[in-house]
>>> print(open('my_file-v6.cif').read())   # mmCIF, C-alpha atoms; chains and numbers go by the auth columns
data_final
loop_
_atom_site.group_PDB
_atom_site.id
_atom_site.type_symbol
_atom_site.label_atom_id
_atom_site.label_comp_id
_atom_site.label_asym_id
_atom_site.label_seq_id
_atom_site.Cartn_x
_atom_site.Cartn_y
_atom_site.Cartn_z
_atom_site.B_iso_or_equiv
_atom_site.auth_seq_id
_atom_site.auth_asym_id
ATOM 1 C CA MET A 1 -131.577 73.466 14.312 0.00 1 A
ATOM 2 C CA THR A 2 -129.350 76.329 13.268 0.00 2 A
ATOM 3 C CA GLY A 3 -128.058 79.166 15.364 0.00 3 A
ATOM 4 C CA THR A 4 -126.064 79.217 18.539 0.00 4 A
ATOM 5 C CA GLY A 5 -126.503 80.482 22.040 0.00 5 A
ATOM 6 C CA SER A 6 -129.400 82.839 22.618 0.00 6 A
ATOM 7 C CA THR A 7 -130.493 82.915 18.944 0.00 7 A
ATOM 8 C CA ALA A 8 -131.009 79.174 18.453 0.00 8 A
ATOM 9 C CA ARG A 9 -134.194 78.794 20.490 0.00 9 A
ATOM 10 C CA PRO A 10 -135.987 81.936 19.283 0.00 10 A
ATOM 11 C CA ALA A 11 -135.223 80.966 15.670 0.00 11 A
ATOM 12 C CA ALA A 12 -136.598 77.479 16.200 0.00 12 A
ATOM 13 C CA ALA A 13 -139.631 78.869 18.028 0.00 13 A
ATOM 14 C CA ALA A 14 -140.319 81.364 15.221 0.00 14 A
ATOM 15 C CA ARG A 15 -140.086 78.636 12.591 0.00 15 A
ATOM 16 C CA GLU A 16 -142.473 76.420 14.570 0.00 16 A
ATOM 17 C CA LEU A 17 -144.905 79.291 15.134 0.00 17 A
ATOM 18 C CA VAL A 18 -144.991 80.039 11.400 0.00 18 A
ATOM 19 C CA ARG A 19 -145.475 76.345 10.642 0.00 19 A
ATOM 20 C CA GLU A 20 -148.440 76.168 13.029 0.00 20 A
ATOM 21 C CA ALA A 21 -149.995 79.375 11.673 0.00 21 A
ATOM 22 C CA LYS A 22 -149.728 78.052 8.108 0.00 22 A
ATOM 23 C CA ARG A 23 -151.234 74.725 9.212 0.00 23 A
ATOM 24 C CA ARG A 24 -154.205 76.719 10.481 0.00 24 A
ATOM 25 C CA GLY A 25 -154.483 78.601 7.191 0.00 25 A
ATOM 26 C CA LYS A 26 -153.220 81.937 8.571 0.00 26 A
ATOM 27 C CA TRP A 27 -151.293 84.630 6.731 0.00 27 A
ATOM 28 C CA VAL A 28 -147.904 85.208 8.342 0.00 28 A
ATOM 29 C CA HIS A 29 -146.272 88.656 8.348 0.00 29 A
ATOM 30 C CA MET A 30 -142.814 89.608 9.636 0.00 30 A
ATOM 31 C CA GLY A 31 -141.976 93.178 10.607 0.00 31 A
ATOM 32 C CA ARG A 32 -138.652 94.988 11.002 0.00 32 A
ATOM 33 C CA VAL A 33 -137.228 93.495 7.828 0.00 33 A
ATOM 34 C CA ASN A 34 -134.607 96.042 6.795 0.00 34 A
ATOM 35 C CA SER A 35 -131.880 93.894 5.237 0.00 35 A
ATOM 36 C CA LEU A 36 -131.462 91.148 2.671 0.00 36 A
ATOM 37 C CA LYS A 37 -130.513 88.751 5.464 0.00 37 A
ATOM 38 C CA ARG A 38 -133.799 89.390 7.322 0.00 38 A
ATOM 39 C CA LEU A 39 -135.802 89.136 4.086 0.00 39 A
ATOM 40 C CA GLN A 40 -134.141 85.815 3.304 0.00 40 A
ATOM 41 C CA TYR A 41 -134.897 84.623 6.833 0.00 41 A
ATOM 42 C CA ALA A 42 -138.566 85.659 6.566 0.00 42 A
ATOM 43 C CA THR A 43 -138.799 83.768 3.282 0.00 43 A
ATOM 44 C CA SER A 44 -137.011 80.715 4.670 0.00 44 A
ATOM 45 C CA ILE A 45 -139.417 80.292 7.583 0.00 45 A
ATOM 46 C CA GLY A 46 -142.458 80.703 5.335 0.00 46 A
ATOM 47 C CA CYS A 47 -143.645 84.277 5.934 0.00 47 A
ATOM 48 C CA ASP A 48 -146.153 85.548 3.384 0.00 48 A
ATOM 49 C CA SER A 49 -145.219 89.210 3.733 0.00 49 A
ATOM 50 C CA ALA A 50 -142.692 91.486 5.378 0.00 50 A
ATOM 51 C CA ASP A 51 -142.118 95.180 5.949 0.00 51 A
ATOM 52 C CA GLY A 52 -139.618 97.576 7.427 0.00 52 A
ATOM 53 C CA THR A 53 -138.478 101.183 7.363 0.00 53 A
ATOM 54 C CA TYR A 54 -135.574 100.650 4.937 0.00 54 A
ATOM 55 C CA LEU A 55 -137.396 102.281 2.019 0.00 55 A
ATOM 56 C CA VAL A 56 -138.760 105.173 4.101 0.00 56 A
ATOM 57 C CA LYS A 57 -135.311 106.241 5.281 0.00 57 A
ATOM 58 C CA ALA A 58 -133.994 107.015 1.765 0.00 58 A
ATOM 59 C CA PRO A 59 -136.535 106.074 -0.926 0.00 59 A
ATOM 60 C CA ASP A 60 -134.567 107.257 -3.947 0.00 60 A
ATOM 61 C CA GLY A 61 -131.380 105.503 -2.922 0.00 61 A
ATOM 62 C CA ASN A 62 -132.858 102.385 -1.326 0.00 62 A
ATOM 63 C CA LEU A 63 -135.569 101.457 -3.844 0.00 63 A
ATOM 64 C CA PRO A 64 -133.180 99.871 -6.371 0.00 64 A
ATOM 65 C CA THR A 65 -131.537 97.851 -3.585 0.00 65 A
ATOM 66 C CA LEU A 66 -134.878 96.718 -2.201 0.00 66 A
ATOM 67 C CA LEU A 67 -136.085 95.667 -5.658 0.00 67 A
ATOM 68 C CA ALA A 68 -132.881 93.659 -6.125 0.00 68 A
ATOM 69 C CA TRP A 69 -133.483 91.939 -2.768 0.00 69 A
ATOM 70 C CA LEU A 70 -137.000 91.012 -3.855 0.00 70 A
ATOM 71 C CA ASP A 71 -135.705 89.651 -7.160 0.00 71 A
ATOM 72 C CA GLN A 72 -133.156 87.593 -5.277 0.00 72 A
ATOM 73 C CA VAL A 73 -135.577 86.006 -2.803 0.00 73 A
ATOM 74 C CA ASN A 74 -138.235 85.417 -5.469 0.00 74 A
ATOM 75 C CA SER A 75 -135.946 83.824 -8.058 0.00 75 A
ATOM 76 C CA PRO A 76 -135.898 80.040 -8.263 0.00 76 A
ATOM 77 C CA GLN A 77 -132.989 78.495 -6.406 0.00 77 A
ATOM 78 C CA PRO A 78 -130.693 76.177 -8.382 0.00 78 A
ATOM 79 C CA ALA A 79 -130.968 72.533 -7.488 0.00 79 A
ATOM 80 C CA ALA A 80 -128.171 71.211 -5.322 0.00 80 A
ATOM 81 C CA LEU A 81 -125.937 68.667 -7.005 0.00 81 A
ATOM 82 C CA PHE A 82 -124.914 67.124 -3.712 0.00 82 A
ATOM 83 C CA ASP A 83 -126.523 66.922 -0.308 0.00 83 A
ATOM 84 C CA LEU A 84 -123.729 68.177 1.934 0.00 84 A
ATOM 85 C CA ALA A 85 -125.824 67.816 5.088 0.00 85 A
ATOM 86 C CA SER A 86 -125.681 64.015 5.056 0.00 86 A
#
>>> encode(input="my_file-v6.cif", output="structure tokens")
Amino acid sequence: MTGTGSTARPAAAARELVREAKRRGKWVHMGRVNSLKRLQYATSIGCDSADGTYLVKAPDGNLPTLLAWLDQVNSPQPAALFDLAS
């Protein structure tokens, strides 16, 4: 389990909730996703969709950034050469 203090349990609970929803064939959506970090988190726990107000606040300036975030989370990840966790 990752995280420390007050964030460790909610993160684990969210991951488990998404896992159970997916097991039941449900679509999982995460709201309040207004940063690359939150988008990466939503992707990492298995969310199917996400939204936030980031684009609404400054559409002309934020659209290129948002599109870059989407490219980043949707691009294939390189395979790890070594398993550092073991």
>>> closest_residue(input="my_file-v6.cif", among="A:Leu36, A:Met30, A:Val56, A:Leu70", to="Val18 (chain A)", atoms="all atoms listed in the file")
A:Met30
>>> residues_around(input="my_file-v6.cif", residues="Ala42 (chain A)", least_positions_apart="5", cutoff="9 Å", atoms="only C-alpha atoms", output="list in words")
His29, Met30, Val33, Lys37, Cys47, Asp48, Ser49 and Ala50 of chain A
>>> resolve_selection(input="my_file-v6.cif", expression="the PyMOL selection byres ((chain A and resi 46) around 12)", output="compact mmCIF listing (two decimals) with C-alpha atoms, in the frame of the given file")
# COMPACT_ATOMS: atom_id res chain seq x y z
CA ALA A 14 -140.32 81.36 15.22
CA ARG A 15 -140.09 78.64 12.59
CA GLU A 16 -142.47 76.42 14.57
CA LEU A 17 -144.90 79.29 15.13
CA VAL A 18 -144.99 80.04 11.40
CA ARG A 19 -145.48 76.34 10.64
CA GLU A 20 -148.44 76.17 13.03
CA ALA A 21 -150.00 79.38 11.67
CA LYS A 22 -149.73 78.05 8.11
CA ARG A 23 -151.23 74.72 9.21
CA LYS A 26 -153.22 81.94 8.57
CA TRP A 27 -151.29 84.63 6.73
CA VAL A 28 -147.90 85.21 8.34
CA HIS A 29 -146.27 88.66 8.35
CA MET A 30 -142.81 89.61 9.64
CA LEU A 39 -135.80 89.14 4.09
CA GLN A 40 -134.14 85.82 3.30
CA TYR A 41 -134.90 84.62 6.83
CA ALA A 42 -138.57 85.66 6.57
CA THR A 43 -138.80 83.77 3.28
CA SER A 44 -137.01 80.72 4.67
CA ILE A 45 -139.42 80.29 7.58
CA CYS A 47 -143.65 84.28 5.93
CA ASP A 48 -146.15 85.55 3.38
CA SER A 49 -145.22 89.21 3.73
CA ALA A 50 -142.69 91.49 5.38
CA VAL A 73 -135.58 86.01 -2.80
>>> atom_distance(input="my_file-v6.cif", atom1="CA of Thr53 (chain A)", atom2="CA of Ala13 (chain A)")
24.8 Å
>>> closest_residue(input="my_file-v6.cif", among="A:Pro59, A:Arg38, A:Trp69, A:Gln77", to="Ala11 (chain A)", atoms="only C-alpha atoms")
A:Arg38
>>> closest_residue(input="my_file-v6.cif", among="A:Ser35, A:Leu67, A:Gly25, A:Pro78", to="Tyr54 (chain A)", atoms="all atoms listed in the file")
A:Ser35
>>> atom_distance(input="my_file-v6.cif", atom1="CA of Asn34 (chain A)", atom2="CA of Leu66 (chain A)")
9.0 Å
>>> atom_distance(input="my_file-v6.cif", atom1="CA of Lys57 (chain A)", atom2="CA of Arg32 (chain A)")
13.1 Å
>>> axis_aligned_box(input="my_file-v6.cif", around="region 32-44 of chain A", padding_each_side="6 Å", output="lines of an AutoDock Vina configuration file")
center_x = -134.7
center_y = 88.4
center_z = 6.8
size_x = 20.3
size_y = 27.3
size_z = 20.3
>>> closest_residue(input="my_file-v6.cif", among="A:Arg24, A:Ala12, A:Asp71, A:Gly31", to="Asp51 (chain A)", atoms="all atoms listed in the file")
A:Gly31
>>> decode(input="my_file-v6.cif", residues="region 58-75 of chain A", atoms="N, CA and C atoms", output="PDB file, in the first residue's frame")
ATOM      1  N   ALA A  58      -9.904  28.195 -18.128  1.00  0.00           N
ATOM      2  CA  ALA A  58      -9.166  28.939 -19.165  1.00  0.00           C
ATOM      3  C   ALA A  58      -9.016  28.040 -20.388  1.00  0.00           C
ATOM      4  N   PRO A  59     -10.091  27.855 -21.160  1.00  0.00           N
ATOM      5  CA  PRO A  59     -10.073  26.892 -22.259  1.00  0.00           C
ATOM      6  C   PRO A  59      -8.939  27.101 -23.268  1.00  0.00           C
ATOM      7  N   ASP A  60      -8.716  28.311 -23.687  1.00  0.00           N
ATOM      8  CA  ASP A  60      -7.688  28.545 -24.704  1.00  0.00           C
ATOM      9  C   ASP A  60      -6.288  28.203 -24.195  1.00  0.00           C
ATOM     10  N   GLY A  61      -6.006  28.533 -22.973  1.00  0.00           N
ATOM     11  CA  GLY A  61      -4.690  28.263 -22.420  1.00  0.00           C
ATOM     12  C   GLY A  61      -4.514  26.845 -21.920  1.00  0.00           C
ATOM     13  N   ASN A  62      -5.577  26.241 -21.404  1.00  0.00           N
ATOM     14  CA  ASN A  62      -5.468  24.932 -20.760  1.00  0.00           C
ATOM     15  C   ASN A  62      -5.696  23.747 -21.692  1.00  0.00           C
ATOM     16  N   LEU A  63      -6.327  23.965 -22.849  1.00  0.00           N
ATOM     17  CA  LEU A  63      -6.588  22.841 -23.748  1.00  0.00           C
ATOM     18  C   LEU A  63      -5.310  22.144 -24.202  1.00  0.00           C
ATOM     19  N   PRO A  64      -4.285  22.863 -24.643  1.00  0.00           N
ATOM     20  CA  PRO A  64      -3.059  22.156 -25.046  1.00  0.00           C
ATOM     21  C   PRO A  64      -2.445  21.343 -23.906  1.00  0.00           C
ATOM     22  N   THR A  65      -2.476  21.872 -22.700  1.00  0.00           N
ATOM     23  CA  THR A  65      -1.941  21.143 -21.545  1.00  0.00           C
ATOM     24  C   THR A  65      -2.761  19.890 -21.277  1.00  0.00           C
ATOM     25  N   LEU A  66      -4.064  20.024 -21.302  1.00  0.00           N
ATOM     26  CA  LEU A  66      -4.943  18.883 -21.054  1.00  0.00           C
ATOM     27  C   LEU A  66      -4.742  17.799 -22.110  1.00  0.00           C
ATOM     28  N   LEU A  67      -4.620  18.184 -23.364  1.00  0.00           N
ATOM     29  CA  LEU A  67      -4.380  17.207 -24.428  1.00  0.00           C
ATOM     30  C   LEU A  67      -3.036  16.492 -24.225  1.00  0.00           C
ATOM     31  N   ALA A  68      -2.043  17.217 -23.765  1.00  0.00           N
ATOM     32  CA  ALA A  68      -0.742  16.597 -23.476  1.00  0.00           C
ATOM     33  C   ALA A  68      -0.863  15.602 -22.323  1.00  0.00           C
ATOM     34  N   TRP A  69      -1.646  15.948 -21.300  1.00  0.00           N
ATOM     35  CA  TRP A  69      -1.878  15.013 -20.191  1.00  0.00           C
ATOM     36  C   TRP A  69      -2.508  13.731 -20.702  1.00  0.00           C
ATOM     37  N   LEU A  70      -3.523  13.881 -21.557  1.00  0.00           N
ATOM     38  CA  LEU A  70      -4.214  12.703 -22.095  1.00  0.00           C
ATOM     39  C   LEU A  70      -3.264  11.845 -22.921  1.00  0.00           C
ATOM     40  N   ASP A  71      -2.431  12.495 -23.737  1.00  0.00           N
ATOM     41  CA  ASP A  71      -1.429  11.741 -24.499  1.00  0.00           C
ATOM     42  C   ASP A  71      -0.509  10.971 -23.562  1.00  0.00           C
ATOM     43  N   GLN A  72      -0.120  11.614 -22.495  1.00  0.00           N
ATOM     44  CA  GLN A  72       0.811  10.988 -21.551  1.00  0.00           C
ATOM     45  C   GLN A  72       0.198   9.774 -20.869  1.00  0.00           C
ATOM     46  N   VAL A  73      -1.029   9.885 -20.392  1.00  0.00           N
ATOM     47  CA  VAL A  73      -1.630   8.747 -19.673  1.00  0.00           C
ATOM     48  C   VAL A  73      -2.093   7.644 -20.621  1.00  0.00           C
ATOM     49  N   ASN A  74      -2.309   7.981 -21.888  1.00  0.00           N
ATOM     50  CA  ASN A  74      -2.768   6.979 -22.850  1.00  0.00           C
ATOM     51  C   ASN A  74      -1.640   6.346 -23.648  1.00  0.00           C
ATOM     52  N   SER A  75      -0.416   6.832 -23.494  1.00  0.00           N
ATOM     53  CA  SER A  75       0.699   6.244 -24.235  1.00  0.00           C
ATOM     54  C   SER A  75       1.175   4.988 -23.519  1.00  0.00           C
TER      55      SER A  75
END
